[in-house]
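Below is target.csv, holding CSV, C-alpha atoms.
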chain,number,residue,atom,x,y,z
A,187,SER,CA,67.5,75.7,116.5
A,188,PRO,CA,66.7,76.8,120.0
A,189,GLN,CA,64.9,80.1,120.6
A,190,ASN,CA,66.3,80.2,124.1
A,191,PRO,CA,69.4,82.4,124.8
A,192,GLU,CA,70.9,79.8,127.2
A,193,TRP,CA,72.8,78.0,124.5
A,194,ILE,CA,76.4,78.6,123.5
A,195,GLY,CA,78.2,77.9,120.3
A,196,SER,CA,77.3,78.8,116.8
A,197,PRO,CA,73.6,78.8,116.0
A,198,ASN,CA,72.5,76.8,113.0
A,199,GLY,CA,72.5,78.9,109.9
A,200,GLN,CA,75.1,81.4,111.2
A,201,PRO,CA,77.4,82.5,108.3
A,202,GLY,CA,80.8,80.9,108.6
A,203,ARG,CA,79.6,78.4,111.2
A,204,ASP,CA,81.9,75.5,111.9
A,205,PRO,CA,79.7,72.9,113.7
A,206,VAL,CA,82.8,70.8,114.7
A,207,LYS,CA,84.6,73.7,116.4
A,208,GLU,CA,81.5,75.5,117.7
A,209,PRO,CA,78.8,73.0,118.4
A,210,LEU,CA,75.5,74.4,119.7
A,211,VAL,CA,75.2,73.2,123.3
A,212,PRO,CA,72.8,74.1,126.1
A,213,VAL,CA,74.1,75.6,129.4
A,214,ASN,CA,72.5,75.9,132.7
A,215,LEU,CA,73.9,78.7,134.8
A,216,SER,CA,73.7,77.8,138.5
A,217,ALA,CA,74.3,81.4,139.8
A,218,LYS,CA,73.0,84.8,138.9
A,219,ILE,CA,75.8,87.1,137.6
A,220,ALA,CA,76.5,90.7,137.3
A,221,ILE,CA,78.9,91.9,134.6
A,222,ALA,CA,80.5,95.3,134.0
A,223,THR,CA,78.8,97.3,131.2
A,224,ARG,CA,82.3,98.4,129.9
A,225,GLU,CA,85.7,96.9,129.4
A,226,VAL,CA,88.3,97.8,132.1
A,227,THR,CA,90.1,100.9,131.0
A,228,VAL,CA,93.8,101.8,131.2
A,229,GLU,CA,92.9,104.4,133.8
A,230,GLN,CA,91.0,101.9,136.0
A,231,PHE,CA,93.7,99.2,135.8
A,232,LEU,CA,96.5,101.7,136.5
A,233,LYS,CA,94.8,102.5,139.9
A,234,PHE,CA,95.5,98.9,140.8
A,235,ARG,CA,99.0,98.6,139.2
A,236,PRO,CA,100.4,102.1,138.5
A,237,ASP,CA,103.7,100.7,137.4
A,238,HIS,CA,102.2,98.3,134.8
A,239,GLY,CA,103.3,99.3,131.3
A,240,TYR,CA,100.9,99.4,128.4
A,241,ALA,CA,101.0,99.9,124.7
A,242,LYS,CA,100.6,103.6,124.3
A,243,ASP,CA,100.8,103.3,120.6
A,244,TYR,CA,97.6,101.1,120.6
A,245,ALA,CA,95.8,102.8,123.6
A,246,ARG,CA,96.3,106.4,122.9
A,247,THR,CA,94.0,107.6,125.7
A,248,THR,CA,93.4,106.2,129.2
A,249,ASP,CA,89.7,105.5,128.4
A,250,CYS,CA,90.7,102.7,126.0
A,251,PRO,CA,90.5,99.1,127.3
A,252,PHE,CA,93.6,97.8,129.1
A,253,ILE,CA,95.4,95.0,127.3
A,254,ASP,CA,98.7,93.1,127.8
A,255,VAL,CA,97.6,91.5,131.1
A,256,SER,CA,97.8,87.8,131.9
A,257,TRP,CA,94.9,85.8,133.2
A,258,PHE,CA,96.4,86.0,136.7
A,259,ASP,CA,96.7,89.8,136.4
A,260,ALA,CA,93.0,89.9,135.5
A,261,ALA,CA,92.1,87.7,138.4
A,262,ARG,CA,94.3,89.8,140.8
A,263,TYR,CA,92.4,92.9,139.5
A,264,CYS,CA,89.1,91.2,140.4
A,265,ARG,CA,90.4,90.4,143.9
A,266,TRP,CA,91.7,94.0,144.3
A,267,LEU,CA,88.3,95.4,143.3
A,268,SER,CA,86.6,93.2,145.8
A,269,GLU,CA,88.9,94.4,148.5
A,270,GLN,CA,88.3,98.1,147.5
A,271,GLU,CA,84.6,97.5,148.0
A,272,GLY,CA,85.1,95.9,151.4
A,273,ILE,CA,83.7,92.5,150.4
A,274,PRO,CA,84.2,90.1,153.3
A,275,GLU,CA,86.8,87.4,152.9
A,276,SER,CA,84.1,84.7,153.0
A,277,GLU,CA,82.6,86.2,149.8
A,278,MET,CA,85.9,86.5,147.9
A,279,CYS,CA,86.0,84.5,144.7
A,280,TYR,CA,89.8,84.5,144.4
A,281,PRO,CA,92.5,83.9,147.1
A,282,LYS,CA,94.7,86.7,148.4
A,283,LEU,CA,96.7,88.6,145.8
A,284,ASP,CA,100.0,86.9,146.4
A,285,GLU,CA,98.3,83.5,146.2
A,286,ILE,CA,96.9,84.1,142.7
A,287,GLN,CA,99.3,82.2,140.6
A,288,PRO,CA,99.6,78.9,138.7
A,289,GLY,CA,98.4,76.0,140.7
A,290,MET,CA,96.2,78.1,143.0
A,291,GLN,CA,93.1,76.5,144.5
A,292,LEU,CA,89.7,78.1,144.6
A,293,ARG,CA,87.3,77.5,147.4
A,294,GLU,CA,84.2,75.4,146.7
A,295,GLY,CA,81.3,77.6,145.6
A,296,TYR,CA,83.5,80.5,144.5
A,297,GLN,CA,81.1,81.1,141.5
A,298,ASN,CA,78.2,81.8,144.0
A,299,ARG,CA,80.1,84.4,146.0
A,300,ILE,CA,79.6,88.2,145.6
A,301,GLY,CA,83.3,89.1,145.1
A,302,TYR,CA,84.5,90.1,141.6
A,303,ARG,CA,85.6,87.4,139.3
A,304,LEU,CA,86.0,86.8,135.6
A,305,PRO,CA,83.0,85.4,133.8
A,306,THR,CA,83.0,81.8,132.6
A,307,GLU,CA,83.0,81.3,128.9
A,308,ALA,CA,79.3,80.5,129.0
A,309,GLU,CA,78.5,83.5,131.1
A,310,TRP,CA,80.4,85.8,128.8
A,311,GLU,CA,78.8,84.3,125.7
A,312,LEU,CA,75.3,84.7,127.1
A,313,ALA,CA,76.1,88.3,128.2
A,314,CYS,CA,77.5,89.0,124.7
A,315,ARG,CA,74.4,87.8,122.9
A,316,GLY,CA,72.3,90.3,125.0
A,317,GLY,CA,69.4,88.0,125.3
A,318,VAL,CA,69.1,86.7,121.7
A,319,ALA,CA,69.6,83.2,120.3
A,320,SER,CA,71.9,84.3,117.5
A,321,SER,CA,75.5,85.1,118.1
A,322,ARG,CA,75.1,88.8,117.3
A,323,TRP,CA,72.4,90.8,119.0
A,324,PHE,CA,72.2,93.1,115.9
A,325,GLY,CA,72.0,90.3,113.3
A,326,PHE,CA,74.5,89.4,110.5
A,327,ASP,CA,74.2,92.5,108.3
A,328,PRO,CA,77.8,93.6,107.7
A,329,GLU,CA,76.6,97.2,107.4
A,330,LEU,CA,75.6,97.1,111.1
A,331,LEU,CA,78.9,95.7,112.5
A,332,ALA,CA,80.6,99.1,112.5
A,333,ASP,CA,77.8,100.5,114.7
A,334,HIS,CA,78.4,97.9,117.4
A,335,ALA,CA,82.0,96.7,117.2
A,336,TRP,CA,85.5,98.1,116.7
A,337,THR,CA,87.2,96.0,114.0
A,338,THR,CA,90.3,96.4,111.9
A,339,GLN,CA,88.2,98.1,109.3
A,340,ASN,CA,86.9,100.9,111.5
A,341,SER,CA,89.6,101.2,114.2
A,342,ALA,CA,92.8,102.0,112.3
A,343,TYR,CA,94.3,99.0,114.1
A,344,ARG,CA,94.2,100.8,117.5
A,345,LEU,CA,92.1,100.4,120.6
A,346,ARG,CA,89.3,102.8,120.9
A,347,PRO,CA,87.7,104.5,124.0
A,348,VAL,CA,85.2,102.2,125.6
A,349,ALA,CA,81.4,102.6,125.2
A,350,LYS,CA,81.5,104.8,122.1
A,351,LEU,CA,79.5,102.4,119.9
A,352,LEU,CA,76.0,100.9,120.4
A,353,PRO,CA,75.5,98.5,123.3
A,354,ASN,CA,73.8,95.1,123.1
A,355,ASP,CA,70.2,94.7,124.4
A,356,PHE,CA,71.6,94.1,128.0
A,357,GLY,CA,73.3,97.5,127.8
A,358,LEU,CA,76.8,96.0,127.5
A,359,PHE,CA,79.3,97.8,125.4
A,360,ASP,CA,82.2,96.4,123.3
A,361,MET,CA,81.2,92.8,123.7
A,362,LEU,CA,82.5,92.2,120.2
A,363,GLY,CA,85.7,93.9,118.9
A,364,ASN,CA,88.1,96.4,120.5
A,365,ALA,CA,89.9,94.1,122.8
A,366,LYS,CA,89.8,90.4,123.9
A,367,GLU,CA,88.4,89.6,127.3
A,368,TRP,CA,89.7,87.0,129.7
A,369,CYS,CA,87.2,84.4,130.9
A,370,HIS,CA,87.3,82.3,134.0
A,371,ALA,CA,89.0,78.9,133.3
A,372,SER,CA,89.0,75.7,135.2
A,373,LEU,CA,92.2,75.5,137.1
Mind turning the file's structure into structure tokens?
Amino acid sequence: SPQNPEWIGSPNGQPGRDPVKEPLVPVNLSAKIAIATREVTVEQFLKFRPDHGYAKDYARTTDCPFIDVSWFDAARYCRWLSEQEGIPESEMCYPKLDEIQPGMQLREGYQNRIGYRLPTEAEWELACRGGVASSRWFGFDPELLADHAWTTQNSAYRLRPVAKLLPNDFGLFDMLGNAKEWCHASL
């Protein structure tokens, strides 16, 4: 079992591990990444798309994570954030907003640009682990899960405000539980 956090998949000895579906494989990230410490909230996303509906029965406050968006909506939000910060076109990861759709083409080297983008699956998994070789930065003790992740057992089947539980060792909140995150996919 590797002691290096640059591996993705299920570590050997992990409870419930399926070595066929989650083989342990090494990854070499070619670029440094920055990742938000919190999930995108309803309030943040509605600044981008004020007319976009959301499930108010699941997200009862606007500091809950935003759900019910397609991958393309998430990529458009990344492009919009880049525009809000004045990132030059040459550093944008995604094309113009109206071009973000099925069949779009990304420029070569997009992953090395400074514009906002979704993390790759490998980047997300490495960030989620928070610098440890196991899949959970806090270990496998079920008693600790509720301190780090919103699950069906402690959330009453609703989204919860972001960053209310303990972060991982990289300072990232809600990497497990609360809402699913989109990752960058090969197009």
Shell around Leu345 of chain A at 10 Å using all atoms listed in the file, local window under 4 positions removed, as a list in words: Ala241, Lys242, Asp243, Tyr244, Ala245, Arg246, Thr247, Asp249, Cys250, Pro251, Phe252, Ile253, Trp336, Thr337, Thr338, Ser341, Gly363, Asn364 and Ala365 of chain A
May I ask which of the residues A:Gly272, A:Pro353, A:Pro288, A:Pro209 is the closest one to Arg322 of chain A, counting only C-alpha atoms?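 Nearest candidate to Arg322 of chain A out of A:Gly272, A:Pro353, A:Pro288, A:Pro209: A:Pro353.
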Residues near Glu309 of chain A, anyone? I mean within 9 Å using all atoms listed in the file, not counting same-chain ones fewer than 4 positions away, as a list of chain:residue names.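 In the requested form, the answer reads A:Leu215, A:Ile219, A:Pro305, A:Ala313, A:Cys314, A:Cys369.
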Suppose you want the space between atom CA of Ile221 of chain A and atom CA of Arg315 of chain A; what is it in Å?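 Distance reported for this atom pair: 13.2 Å.
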Between A:Glu285, A:Asp259, A:Asp254, A:Glu275, single out the one closest to Gly239 of chain A, counting all atoms listed in the file. A:Asp254
Around (82.5, 95.2, 121.9) in the file's frame, which residues reach within 9 Å when counting all atoms listed in the file? Return as a ChimeraX atom specification? /A:224-225,314,334-336,348-349,351-354,358-366
Would you work out the distance separating atom CA of Gly295 of chain A from atom CA of Val211 of chain A, expressed in Å to one decimal?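 Pair atom CA of Gly295 of chain A / atom CA of Val211 of chain A returns 23.5 Å.
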Got a sec: who's within 7 Å of Glu229 of chain A, counting all atoms listed in the file, leaving out chain neighbours fewer than 2 positions off, as number ranges by chain? A: 227, 231-233, 248-249
With C-alpha atoms retained, export the selected residues as a PDB file, keeping the file's coordinate frame.
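Output contents, as saved in part_12.pdb:
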ATOM      1  CA  THR A 227      90.100 100.900 131.000  1.00  0.00           C
ATOM      2  CA  PHE A 231      93.700  99.200 135.800  1.00  0.00           C
ATOM      3  CA  LEU A 232      96.500 101.700 136.500  1.00  0.00           C
ATOM      4  CA  LYS A 233      94.800 102.500 139.900  1.00  0.00           C
ATOM      5  CA  THR A 248      93.400 106.200 129.200  1.00  0.00           C
ATOM      6  CA  ASP A 249      89.700 105.500 128.400  1.00  0.00           C
TER       7      ASP A 249
END
Which is closer to Glu269 of chain A than all the others in A:Ile194, A:Leu283, A:Ala220, A:Ala332, using all atoms listed in the file?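 Smallest separation from Glu269 of chain A among the options: A:Leu283.
As for atom CA of Gln297 of chain A and atom CA of Val228 of chain A, they are spaced 26.4 Å apart.
In terms of minimum interatomic distance to Phe234 of chain A, A:Leu267 ranks closest within A:Ala261, A:Ala222, A:Leu267, A:Val255, counting only C-alpha atoms.
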Nearest to Ala371 of chain A among A:Ser196, A:Gly325, A:Ile273, A:Thr306, with distances taken over only C-alpha atoms: which residue is it? A:Thr306
Have a look at A:Tyr296, A:Tyr280, A:Trp323, A:Trp310 and name the one nearest to Glu367 of chain A; count all atoms listed in the file. A:Trp310
